[in-house]
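Below is one structure, written out as structure tokens; the observations come after it.
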Amino acid sequence: MPKIAYNGWPNCYEISNGLIELIATTDVGPRIIHCGFVGGENIFRVYDEQAGKTGGNEHRLYGGHRLWHAPEVAPRTYEPDNSAITLEEQDDLEIRLIQPVEKTTGIQKEIDVQMDGRKAHVRLIHRLRNTNLWAVELACWSISVMAQGGKAIIPLPPRGSQPENLLPVNTLTMWAYTNMADPRWTWGNEYIMLQQDPNNDAPQKLGVMNAAGWAAYARNGNLFVKTFTHVAGATYPDWGCTTETFTWASMLELETLGPLVQLRPNASIEHVEDWYLFKDVPTPANDADVNTHILPKMQSILPY
């Protein structure tokens, strides 16, 4: 597996199957800082002013894909990941990224990266391990920082008629700064979409109980999809969220969460995402566009 320099970090590793490529740095993290088609653009945002930096106690965004533990609370959530990590190479298309134990939380983060040998598909296994002498309540929180100018797509449960459907089918979670009138939102009957706008720095965030088990980001003809398992009946952070999205001018985050657990000492939990990349997919403007251009892609990778 080739070792390369990337964006100022000298100790990076490239994984490619000839169709897609990922780059992980071991100078900080665990972080995947590049994902895209071979020779194509990075679907992730990397902050130029922070690229190549290491060390110190300052929390840095960096960009790329990362693993946090929910629920979000300062200072626990913002433990800096500025130190070197360990990379274990399983084979040419599989690595494990291992962070040193966080000094202030006693939690250790790991990400297994398993690339498909023939398809534009990668499996990521996110792992949190509790090294404390006491149990900790937490959940895996997988966050992809997407490049500017695209649009997030989150599915809603199937619609139905009244009075045949008297009970609720899902929840939406809002933050104090969530503005439903913000023009970046598209509130469809079947999908919620959020446009990333580099000229609008007002933060927006929404959480969804997403039983469909997928979320996507469309940008410049490329479609990035992440799938995950929704565990019916499990307790999730933020009033039942399995998917969240956040944006401001510099980026958009596409996030999935695992169930909340009381993690015992020396125990670990895992949260799996599968990533898929597709070419020549127009950015949707409404539900009909999603059903025409994106739903067929989903039907090719998920049972419907």
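Following the order of the structure tokens, chains are lettered A, B, ..., residues in each are numbered from 1, and ligands are numbered from 1.
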Residues of range 106-132 of chain A at most 10 Å from range 77-91 of chain A: nearest atom pair and distance in Å, only C-alpha atoms, as JSON lines:
{"residue": "A:Glu110", "atom": "CA", "partner": "A:Thr86", "partner_atom": "CA", "distance": 9.5}
{"residue": "A:Ile111", "atom": "CA", "partner": "A:Leu87", "partner_atom": "CA", "distance": 9.8}
{"residue": "A:Asp112", "atom": "CA", "partner": "A:Glu88", "partner_atom": "CA", "distance": 9.3}
{"residue": "A:Val113", "atom": "CA", "partner": "A:Gln90", "partner_atom": "CA", "distance": 9.6}
{"residue": "A:Gln114", "atom": "CA", "partner": "A:Gln90", "partner_atom": "CA", "distance": 9.2}
Writing out the chosen residues with C-alpha atoms as a PDB file, in the first residue's frame:
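Result went into part-v3.pdb, see below:
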ATOM      1  CA  GLU A 110     -10.685   2.749  15.631  1.00  0.00           C
ATOM      2  CA  ILE A 111     -11.832   2.680  12.018  1.00  0.00           C
ATOM      3  CA  ASP A 112     -11.529  -0.407   9.811  1.00  0.00           C
ATOM      4  CA  VAL A 113     -11.518   0.385   6.083  1.00  0.00           C
ATOM      5  CA  GLN A 114     -12.425  -2.472   3.727  1.00  0.00           C
TER       6      GLN A 114
END
Task: Exercise: Glu49 in chain A partners within 12 Å, only C-alpha atoms, chain neighbours under 6 positions left out, as a list in words - done: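 Counting only C-alpha atoms, the residues come to Asn7, Gly8, Arg60, Leu61, Tyr62 and Gly63 of chain A.
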Skipping near chain neighbours, those fewer than 4 positions away, what residues fall within 10 Å of Ile192 in chain A using only C-alpha atoms, listed as a short mmCIF file (atom, residue, chain, number, x, y, z; two decimals) with C-alpha atoms, in the first residue's frame?
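In the end it all went to selection_9.cif:
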data_model
loop_
_atom_site.label_atom_id
_atom_site.label_comp_id
_atom_site.auth_asym_id
_atom_site.auth_seq_id
_atom_site.Cartn_x
_atom_site.Cartn_y
_atom_site.Cartn_z
CA ALA A 152 -27.76 16.22 1.18
CA ILE A 153 -30.68 13.85 0.63
CA ILE A 154 -32.38 12.03 3.54
CA PRO A 155 -35.36 9.70 2.97
CA LEU A 156 -38.58 9.83 4.96
CA TRP A 185 -34.01 23.28 3.04
CA THR A 186 -36.27 21.38 0.67
CA TRP A 187 -39.15 19.80 2.60
CA GLY A 188 -40.53 17.11 0.32
CA LEU A 206 -31.54 18.50 11.61
CA VAL A 208 -33.98 12.22 11.61
CA ASN A 286 -37.46 17.76 -5.66
CA ASP A 287 -38.87 14.34 -4.78
#
Open item on the list: So, with only C-alpha atoms as the atoms that count, which of A:Asp197, A:Glu102, A:Asp92, A:Glu164 lies closest to Arg76 in chain A?
Closed with: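 Smallest distance to Arg76 in chain A is found for A:Glu102.
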Task: Pairwise distance for CA of Asp182 in chain A and CA of Ile43 in chain A, rounded to one decimal in Å - done: 24.4 Å
TODO: Mind giving me the straight-line distance from CA of Ser250 in chain A to CA of Ile32 in chain A in Å, one decimal?
DONE: 18.1 Å
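With distances restricted to only C-alpha atoms, A:Pro75 is the closest residue to Thr104 in chain A from A:Pro183, A:Pro75, A:Gly29, A:Gly117.
Between CA of Ser144 in chain A and CA of Gln108 in chain A the separation is 19.2 Å.
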